[in-house]
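Chemist: Sharing a structure here in structure tokens format.
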2 protein chains.
Amino acid sequence: MKLIPTQIKTKKHFDTFLVSKGFKKTRQRDIIAEIFFNGPHHHYRIEEILEHARKLDASISYATVYRTMMMFVEIGFAQQRQFGKGQSLFEVQGRHHHDHLICTQCKKIIEFENETIEKLQAQVAKRHGFKMTHHKMELYGTCVSCQK
Amino acid sequence: MKLIPTQIKTKKHFDTFLVSKGFKKTRQRDIIAEIFFNGPHHHYRIEEILEHARKLDASISYATVYRTMMMFVEIGFAQQRQFGKGQSLFEVQGRHHHDHLICTQCKKIIEFENETIEKLQAQVAKRHGFKMTHHKMELYGTCVSCQK
DNA sequence: TTGTACATGCATATTATTTTCAAATAAAAT
DNA sequence: ATTTTATTTGAAAATAATATGCATGTACAA
Ligand SMILES: [Mn+2]
Ligand SMILES: [Mn+2]
Ligand SMILES: [Zn+2]
Ligand SMILES: [Zn+2]
């Protein structure tokens, strides 16, 4: 069993993708990709990308951010996640698989990996005859700072 | 460490609850509770309850089913779940804790428990200083029959 | 019975997402 | 550089799920 280390998707990859598939490089896509791929954290709402984008170009619309994020997902450059209710969050594709710890108070998100749990999940699926494609594991609670 | 076996909530409990809290016993609540607590499976959409309810009383409204299900959740008689997108599913509260295997093809839901995974999840949370309140674990894939 | 607070049904509001379409524009063709 | 064209955009509207306001109806206590 070998693991091909999945390449982390970057803005440069996206630029290349656009050209190679005959899509157009636009000011809007450039700004959105810059924020999404090189921004300070890993879990963006469409609204947050929009806010940041508008600081660079006040005319950018929600629809364009929406469509660009959907394109990222479509072409495998982003993962779309739903934690609880509320809006979807998007994160860059290609980093190591991980799950999430979520503070219900301050909404802080901590990523973690646990190989043992992953193996047990695969076992459970197999035991029920499932061909597992993916899973979702979220641990909810209060983070250290919110406990004070 | 002892476990007080949580009592499975029943329609009878609900009837008692209504009386004890001064809420009214109505034809609508009776029908909805009957379907929810004594129906043939464990994961109901509001729309499904509504359909069944209307066979017994054609005038029952979506709003009433909605509010009744919300009441069940509010008073701890139901759990509300969101698998992927789409509508919420509701299941009776008080059965043993479990997680879910979901067939992405036929939407079949299989429940499972895995004590080892639960312990490891608690460990992960603790290691990050989290006071974990609950978690969500869903394994997605194709079930036996859908693999043929 | 009758009074009244609670519950219901209908309509409408919210929230997040998705699509439509005329106008704008990137990139190819002159 | 100018024209052509197909793609992309922004604004608005459509959709989908959830949630609420309000006039009317009803359970149930008096
Ligand atoms: Mn993440
Ligand atoms: Mn279940
Ligand atoms: Zn916190
Ligand atoms: Zn299936």
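Letters A, B, ... mark the chains of the structure tokens in the order given; residue numbers begin at 1 per chain; ligand numbers begin at 1, in order shown.
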What are the residues of chain C lining chain B at 10 Å or less? Count only C-alpha atoms (C1' of nucleotides), and put the answer as a PDB file with all heavy atoms, in the first residue's frame.
Modeler:
```pdb
ATOM      1  P    DC C   6     -50.497  30.099  28.124  1.00  0.00           P
ATOM      2  OP1  DC C   6     -49.643  29.701  29.251  1.00  0.00           O
ATOM      3  OP2  DC C   6     -50.221  31.304  27.325  1.00  0.00           O
ATOM      4  O5'  DC C   6     -50.580  28.876  27.111  1.00  0.00           O
ATOM      5  C5'  DC C   6     -51.344  27.743  27.464  1.00  0.00           C
ATOM      6  C4'  DC C   6     -51.744  27.030  26.192  1.00  0.00           C
ATOM      7  O4'  DC C   6     -52.740  27.800  25.476  1.00  0.00           O
ATOM      8  C3'  DC C   6     -50.587  26.800  25.222  1.00  0.00           C
ATOM      9  O3'  DC C   6     -50.630  25.429  24.886  1.00  0.00           O
ATOM     10  C2'  DC C   6     -50.910  27.720  24.035  1.00  0.00           C
ATOM     11  C1'  DC C   6     -52.426  27.766  24.092  1.00  0.00           C
ATOM     12  N1   DC C   6     -53.118  28.945  23.491  1.00  0.00           N
ATOM     13  C2   DC C   6     -54.169  28.725  22.593  1.00  0.00           C
ATOM     14  O2   DC C   6     -54.477  27.553  22.316  1.00  0.00           O
ATOM     15  N3   DC C   6     -54.815  29.788  22.050  1.00  0.00           N
ATOM     16  C4   DC C   6     -54.450  31.027  22.384  1.00  0.00           C
ATOM     17  N4   DC C   6     -55.118  32.033  21.826  1.00  0.00           N
ATOM     18  C5   DC C   6     -53.381  31.279  23.306  1.00  0.00           C
ATOM     19  C6   DC C   6     -52.750  30.221  23.831  1.00  0.00           C
ATOM     20  P    DA C   7     -49.617  24.759  23.901  1.00  0.00           P
ATOM     21  OP1  DA C   7     -49.395  23.387  24.379  1.00  0.00           O
ATOM     22  OP2  DA C   7     -48.479  25.682  23.710  1.00  0.00           O
ATOM     23  O5'  DA C   7     -50.428  24.682  22.552  1.00  0.00           O
ATOM     24  C5'  DA C   7     -51.602  23.903  22.513  1.00  0.00           C
ATOM     25  C4'  DA C   7     -52.121  23.846  21.086  1.00  0.00           C
ATOM     26  O4'  DA C   7     -52.698  25.123  20.739  1.00  0.00           O
ATOM     27  C3'  DA C   7     -51.066  23.537  20.039  1.00  0.00           C
ATOM     28  O3'  DA C   7     -51.607  22.504  19.224  1.00  0.00           O
ATOM     29  C2'  DA C   7     -50.844  24.859  19.310  1.00  0.00           C
ATOM     30  C1'  DA C   7     -52.197  25.549  19.481  1.00  0.00           C
ATOM     31  N9   DA C   7     -52.177  27.006  19.556  1.00  0.00           N
ATOM     32  C8   DA C   7     -51.382  27.802  20.333  1.00  0.00           C
ATOM     33  N7   DA C   7     -51.634  29.087  20.230  1.00  0.00           N
ATOM     34  C5   DA C   7     -52.672  29.142  19.303  1.00  0.00           C
ATOM     35  C6   DA C   7     -53.401  30.217  18.755  1.00  0.00           C
ATOM     36  N6   DA C   7     -53.186  31.501  19.085  1.00  0.00           N
ATOM     37  N1   DA C   7     -54.367  29.925  17.858  1.00  0.00           N
ATOM     38  C2   DA C   7     -54.592  28.642  17.542  1.00  0.00           C
ATOM     39  N3   DA C   7     -53.983  27.534  17.987  1.00  0.00           N
ATOM     40  C4   DA C   7     -53.026  27.870  18.881  1.00  0.00           C
ATOM     41  P    DT C   8     -50.886  21.994  17.938  1.00  0.00           P
ATOM     42  OP1  DT C   8     -51.209  20.559  17.804  1.00  0.00           O
ATOM     43  OP2  DT C   8     -49.491  22.468  17.953  1.00  0.00           O
ATOM     44  O5'  DT C   8     -51.670  22.782  16.814  1.00  0.00           O
ATOM     45  C5'  DT C   8     -53.063  22.555  16.659  1.00  0.00           C
ATOM     46  C4'  DT C   8     -53.577  23.347  15.482  1.00  0.00           C
ATOM     47  O4'  DT C   8     -53.451  24.760  15.784  1.00  0.00           O
ATOM     48  C3'  DT C   8     -52.803  23.104  14.185  1.00  0.00           C
ATOM     49  O3'  DT C   8     -53.724  22.667  13.203  1.00  0.00           O
ATOM     50  C2'  DT C   8     -52.195  24.469  13.837  1.00  0.00           C
ATOM     51  C1'  DT C   8     -53.048  25.443  14.624  1.00  0.00           C
ATOM     52  N1   DT C   8     -52.380  26.681  15.118  1.00  0.00           N
ATOM     53  C2   DT C   8     -52.919  27.903  14.799  1.00  0.00           C
ATOM     54  O2   DT C   8     -53.910  28.036  14.107  1.00  0.00           O
ATOM     55  N3   DT C   8     -52.247  28.981  15.325  1.00  0.00           N
ATOM     56  C4   DT C   8     -51.116  28.959  16.119  1.00  0.00           C
ATOM     57  O4   DT C   8     -50.604  29.997  16.537  1.00  0.00           O
ATOM     58  C5   DT C   8     -50.596  27.645  16.415  1.00  0.00           C
ATOM     59  C7   DT C   8     -49.366  27.497  17.264  1.00  0.00           C
ATOM     60  C6   DT C   8     -51.238  26.588  15.903  1.00  0.00           C
ATOM     61  P    DG C   9     -53.252  22.079  11.804  1.00  0.00           P
ATOM     62  OP1  DG C   9     -54.199  21.015  11.408  1.00  0.00           O
ATOM     63  OP2  DG C   9     -51.809  21.810  11.872  1.00  0.00           O
ATOM     64  O5'  DG C   9     -53.482  23.341  10.872  1.00  0.00           O
ATOM     65  C5'  DG C   9     -54.790  23.864  10.721  1.00  0.00           C
ATOM     66  C4'  DG C   9     -54.754  25.042   9.765  1.00  0.00           C
ATOM     67  O4'  DG C   9     -54.094  26.164  10.408  1.00  0.00           O
ATOM     68  C3'  DG C   9     -53.990  24.791   8.459  1.00  0.00           C
ATOM     69  O3'  DG C   9     -54.789  25.359   7.421  1.00  0.00           O
ATOM     70  C2'  DG C   9     -52.652  25.527   8.654  1.00  0.00           C
ATOM     71  C1'  DG C   9     -53.039  26.659   9.601  1.00  0.00           C
ATOM     72  N9   DG C   9     -52.021  27.109  10.546  1.00  0.00           N
ATOM     73  C8   DG C   9     -51.081  26.341  11.181  1.00  0.00           C
ATOM     74  N7   DG C   9     -50.317  27.017  12.018  1.00  0.00           N
ATOM     75  C5   DG C   9     -50.792  28.321  11.919  1.00  0.00           C
ATOM     76  C6   DG C   9     -50.354  29.504  12.590  1.00  0.00           C
ATOM     77  O6   DG C   9     -49.457  29.626  13.428  1.00  0.00           O
ATOM     78  N1   DG C   9     -51.105  30.612  12.202  1.00  0.00           N
ATOM     79  C2   DG C   9     -52.132  30.580  11.293  1.00  0.00           C
ATOM     80  N2   DG C   9     -52.728  31.751  11.053  1.00  0.00           N
ATOM     81  N3   DG C   9     -52.550  29.488  10.663  1.00  0.00           N
ATOM     82  C4   DG C   9     -51.836  28.396  11.021  1.00  0.00           C
ATOM     83  P    DC C  10     -54.405  25.183   5.882  1.00  0.00           P
ATOM     84  OP1  DC C  10     -55.680  24.906   5.182  1.00  0.00           O
ATOM     85  OP2  DC C  10     -53.237  24.297   5.734  1.00  0.00           O
ATOM     86  O5'  DC C  10     -53.955  26.658   5.472  1.00  0.00           O
ATOM     87  C5'  DC C  10     -54.787  27.758   5.820  1.00  0.00           C
ATOM     88  C4'  DC C  10     -53.985  29.039   5.704  1.00  0.00           C
ATOM     89  O4'  DC C  10     -53.083  29.157   6.821  1.00  0.00           O
ATOM     90  C3'  DC C  10     -53.124  29.121   4.440  1.00  0.00           C
ATOM     91  O3'  DC C  10     -53.559  30.248   3.688  1.00  0.00           O
ATOM     92  C2'  DC C  10     -51.692  29.268   4.955  1.00  0.00           C
ATOM     93  C1'  DC C  10     -51.922  29.818   6.371  1.00  0.00           C
ATOM     94  N1   DC C  10     -50.839  29.537   7.352  1.00  0.00           N
ATOM     95  C2   DC C  10     -50.452  30.566   8.216  1.00  0.00           C
ATOM     96  O2   DC C  10     -51.010  31.664   8.135  1.00  0.00           O
ATOM     97  N3   DC C  10     -49.474  30.315   9.121  1.00  0.00           N
ATOM     98  C4   DC C  10     -48.894  29.109   9.184  1.00  0.00           C
ATOM     99  N4   DC C  10     -47.940  28.916  10.104  1.00  0.00           N
ATOM    100  C5   DC C  10     -49.281  28.049   8.312  1.00  0.00           C
ATOM    101  C6   DC C  10     -50.240  28.305   7.418  1.00  0.00           C
TER     102       DC C  10
END
```
Chemist: With only C-alpha atoms considered, list every residue of chain A at most 12 Å from chain B, as a PyMOL selection string.
Modeler: chain A and resi 80-88+99-105+108-148
Chemist: Would you mind telling me which residue in D:DA6, D:DA23, D:DA30, D:DA14 lies nearest to chain A when using only C-alpha atoms (C1' of nucleotides)?
Modeler: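 So, comparing all the options, the nearest one is D:DA6.
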Chemist: Using only C-alpha atoms (C1' of nucleotides), select each residue of chain D with any atom at most 10 Å away from an atom of chain B, and give the selection as an NGL selection string.
Modeler: :D and (16-20 or 26-28)
Chemist: Those selected residues, please, written with N, CA and C atoms (P, O5', C5', C4', C3', O3' and C1' of nucleotides) and delivered as a PDB file, in the first residue's frame.
Modeler:
```pdb
ATOM      1  P    DA D  16     -36.013  23.644  -5.560  1.00  0.00           P
ATOM      2  O5'  DA D  16     -35.473  23.732  -4.067  1.00  0.00           O
ATOM      3  C5'  DA D  16     -34.060  23.785  -3.842  1.00  0.00           C
ATOM      4  C4'  DA D  16     -33.823  23.754  -2.364  1.00  0.00           C
ATOM      5  C3'  DA D  16     -34.842  22.916  -1.589  1.00  0.00           C
ATOM      6  O3'  DA D  16     -34.133  22.149  -0.628  1.00  0.00           O
ATOM      7  C1'  DA D  16     -34.812  25.123  -0.747  1.00  0.00           C
ATOM      8  P    DA D  17     -34.944  21.078   0.236  1.00  0.00           P
ATOM      9  O5'  DA D  17     -34.768  21.653   1.706  1.00  0.00           O
ATOM     10  C5'  DA D  17     -33.463  21.924   2.192  1.00  0.00           C
ATOM     11  C4'  DA D  17     -33.592  22.802   3.408  1.00  0.00           C
ATOM     12  C3'  DA D  17     -34.541  22.251   4.473  1.00  0.00           C
ATOM     13  O3'  DA D  17     -33.804  22.095   5.675  1.00  0.00           O
ATOM     14  C1'  DA D  17     -34.966  24.549   4.023  1.00  0.00           C
ATOM     15  P    DT D  18     -34.577  21.651   7.045  1.00  0.00           P
ATOM     16  O5'  DT D  18     -34.833  23.074   7.732  1.00  0.00           O
ATOM     17  C5'  DT D  18     -33.740  23.986   7.800  1.00  0.00           C
ATOM     18  C4'  DT D  18     -34.237  25.290   8.335  1.00  0.00           C
ATOM     19  C3'  DT D  18     -35.000  25.192   9.659  1.00  0.00           C
ATOM     20  O3'  DT D  18     -34.301  25.993  10.583  1.00  0.00           O
ATOM     21  C1'  DT D  18     -36.127  26.593   8.123  1.00  0.00           C
ATOM     22  P    DA D  19     -34.757  26.124  12.115  1.00  0.00           P
ATOM     23  O5'  DA D  19     -35.771  27.357  12.108  1.00  0.00           O
ATOM     24  C5'  DA D  19     -35.280  28.608  11.701  1.00  0.00           C
ATOM     25  C4'  DA D  19     -36.412  29.609  11.742  1.00  0.00           C
ATOM     26  C3'  DA D  19     -37.261  29.586  13.027  1.00  0.00           C
ATOM     27  O3'  DA D  19     -37.086  30.846  13.647  1.00  0.00           O
ATOM     28  C1'  DA D  19     -38.621  29.767  11.074  1.00  0.00           C
ATOM     29  P    DT D  20     -37.945  31.322  14.911  1.00  0.00           P
ATOM     30  O5'  DT D  20     -39.154  32.126  14.241  1.00  0.00           O
ATOM     31  C5'  DT D  20     -38.861  33.322  13.537  1.00  0.00           C
ATOM     32  C4'  DT D  20     -40.161  33.978  13.142  1.00  0.00           C
ATOM     33  C3'  DT D  20     -41.142  34.256  14.290  1.00  0.00           C
ATOM     34  O3'  DT D  20     -41.593  35.588  14.107  1.00  0.00           O
ATOM     35  C1'  DT D  20     -42.239  33.115  12.559  1.00  0.00           C
ATOM     36  P    DT D  26     -61.631  23.768  15.577  1.00  0.00           P
ATOM     37  O5'  DT D  26     -60.992  23.524  17.007  1.00  0.00           O
ATOM     38  C5'  DT D  26     -59.591  23.271  17.096  1.00  0.00           C
ATOM     39  C4'  DT D  26     -59.205  23.135  18.545  1.00  0.00           C
ATOM     40  C3'  DT D  26     -60.241  22.403  19.420  1.00  0.00           C
ATOM     41  O3'  DT D  26     -59.503  21.670  20.366  1.00  0.00           O
ATOM     42  C1'  DT D  26     -59.783  24.469  20.360  1.00  0.00           C
ATOM     43  P    DA D  27     -59.879  20.176  20.726  1.00  0.00           P
ATOM     44  O5'  DA D  27     -59.081  20.036  22.102  1.00  0.00           O
ATOM     45  C5'  DA D  27     -57.660  20.173  22.101  1.00  0.00           C
ATOM     46  C4'  DA D  27     -57.189  20.617  23.477  1.00  0.00           C
ATOM     47  C3'  DA D  27     -57.704  19.755  24.627  1.00  0.00           C
ATOM     48  O3'  DA D  27     -56.646  19.663  25.562  1.00  0.00           O
ATOM     49  C1'  DA D  27     -58.498  21.991  24.880  1.00  0.00           C
ATOM     50  P    DC D  28     -56.709  18.652  26.767  1.00  0.00           P
ATOM     51  O5'  DC D  28     -57.296  19.581  27.930  1.00  0.00           O
ATOM     52  C5'  DC D  28     -56.584  20.741  28.332  1.00  0.00           C
ATOM     53  C4'  DC D  28     -57.411  21.538  29.320  1.00  0.00           C
ATOM     54  C3'  DC D  28     -58.250  20.683  30.290  1.00  0.00           C
ATOM     55  O3'  DC D  28     -58.280  21.338  31.539  1.00  0.00           O
ATOM     56  C1'  DC D  28     -59.615  22.206  29.252  1.00  0.00           C
TER      57       DC D  28
END
```
Chemist: Can you tell me how far CA of His42 (chain A) sits from CA of Lys12 (chain A), in Å to one decimal?
Modeler: 17.6 Å
Chemist: So that I can check the surroundings of Val73 (chain A), please list as a list in words every protein, DNA and RNA residue that reaches within 9 Å of it, counting only C-alpha atoms (C1' of nucleotides) and ignoring chain neighbours fewer than 5 positions away.
Modeler: Thr68, Ala78, Gln79, Gln80, Phe90 and Gln93 of chain A
Chemist: Quick one: pull the distance between CA of Gln7 (chain B) and CA of Ile75 (chain B), Å, one decimal.
Modeler: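 About the pair CA of Gln7 (chain B) and CA of Ile75 (chain B): they are 13.9 Å apart.
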Chemist: Can you pull out every residue from chain A that DSSP, working from the backbone, puts in helix (DSSP H, G or I), and format the result as JSON, numbers by chain?
Modeler: {"A": [11, 12, 13, 14, 15, 16, 17, 18, 19, 20, 27, 28, 29, 30, 31, 32, 33, 34, 35, 36, 37, 38, 46, 47, 48, 49, 50, 51, 52, 53, 54, 55, 56, 62, 63, 64, 65, 66, 67, 68, 69, 70, 71, 72, 73, 74, 115, 116, 117, 118, 119, 120, 121, 122, 123, 124, 125, 126, 127, 145, 146, 147]}
Chemist: Could you work out how far CA of Leu56 (chain A) lies from CA of His41 (chain A), giving the answer in Å with one decimal?
Modeler: 18.5 Å
Chemist: Write out as a PyMOL selection string all residues of chain A that DSSP puts in strand (DSSP E or B) for this structure's backbone.
Modeler: chain A and resi 44+78-81+89-92+99-103+109-112+131-142
Chemist: Keeping only C-alpha atoms, take the residues you just selected and write them out as a PDB file, in the first residue's frame.
Modeler:
```
ATOM      1  CA  TYR A  44     -13.245  30.305   4.735  1.00  0.00           C
ATOM      2  CA  ALA A  78     -11.056  22.934  -2.481  1.00  0.00           C
ATOM      3  CA  GLN A  79     -13.076  20.917  -0.034  1.00  0.00           C
ATOM      4  CA  GLN A  80     -16.466  22.155   1.057  1.00  0.00           C
ATOM      5  CA  ARG A  81     -17.429  21.501   4.678  1.00  0.00           C
ATOM      6  CA  LEU A  89     -16.605  26.495   4.900  1.00  0.00           C
ATOM      7  CA  PHE A  90     -13.995  25.910   2.227  1.00  0.00           C
ATOM      8  CA  GLU A  91     -10.457  24.728   2.660  1.00  0.00           C
ATOM      9  CA  VAL A  92      -7.578  24.116   0.284  1.00  0.00           C
ATOM     10  CA  ASP A  99     -10.726  15.914  11.174  1.00  0.00           C
ATOM     11  CA  HIS A 100     -11.898  18.794  13.355  1.00  0.00           C
ATOM     12  CA  LEU A 101     -12.363  19.888  16.937  1.00  0.00           C
ATOM     13  CA  ILE A 102     -14.830  22.762  17.100  1.00  0.00           C
ATOM     14  CA  CYS A 103     -15.448  25.142  19.985  1.00  0.00           C
ATOM     15  CA  ILE A 109     -11.495  25.114  14.757  1.00  0.00           C
ATOM     16  CA  ILE A 110      -8.601  22.819  15.558  1.00  0.00           C
ATOM     17  CA  GLU A 111      -7.450  20.206  13.091  1.00  0.00           C
ATOM     18  CA  PHE A 112      -6.249  16.796  14.154  1.00  0.00           C
ATOM     19  CA  LYS A 131     -17.133   0.383   0.451  1.00  0.00           C
ATOM     20  CA  MET A 132     -16.275   3.564   2.339  1.00  0.00           C
ATOM     21  CA  THR A 133     -15.474   6.612   0.236  1.00  0.00           C
ATOM     22  CA  HIS A 134     -15.085   9.270   2.895  1.00  0.00           C
ATOM     23  CA  HIS A 135     -16.097  10.160   6.390  1.00  0.00           C
ATOM     24  CA  LYS A 136     -16.887  13.039   8.640  1.00  0.00           C
ATOM     25  CA  MET A 137     -15.773  13.341  12.243  1.00  0.00           C
ATOM     26  CA  GLU A 138     -16.266  16.460  14.291  1.00  0.00           C
ATOM     27  CA  LEU A 139     -15.714  16.789  18.029  1.00  0.00           C
ATOM     28  CA  TYR A 140     -17.642  19.622  19.644  1.00  0.00           C
ATOM     29  CA  GLY A 141     -17.025  21.263  22.982  1.00  0.00           C
ATOM     30  CA  THR A 142     -15.407  24.231  24.661  1.00  0.00           C
TER      31      THR A 142
END
```
Chemist: Could you tell me which of A:Ile8, A:Phe36, A:Phe77, A:Lys21 comes closest to His96 (chain A) if we count only C-alpha atoms?
Modeler: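 Looking only at the distances to His96 (chain A), the closest residue turns out to be A:Ile8.
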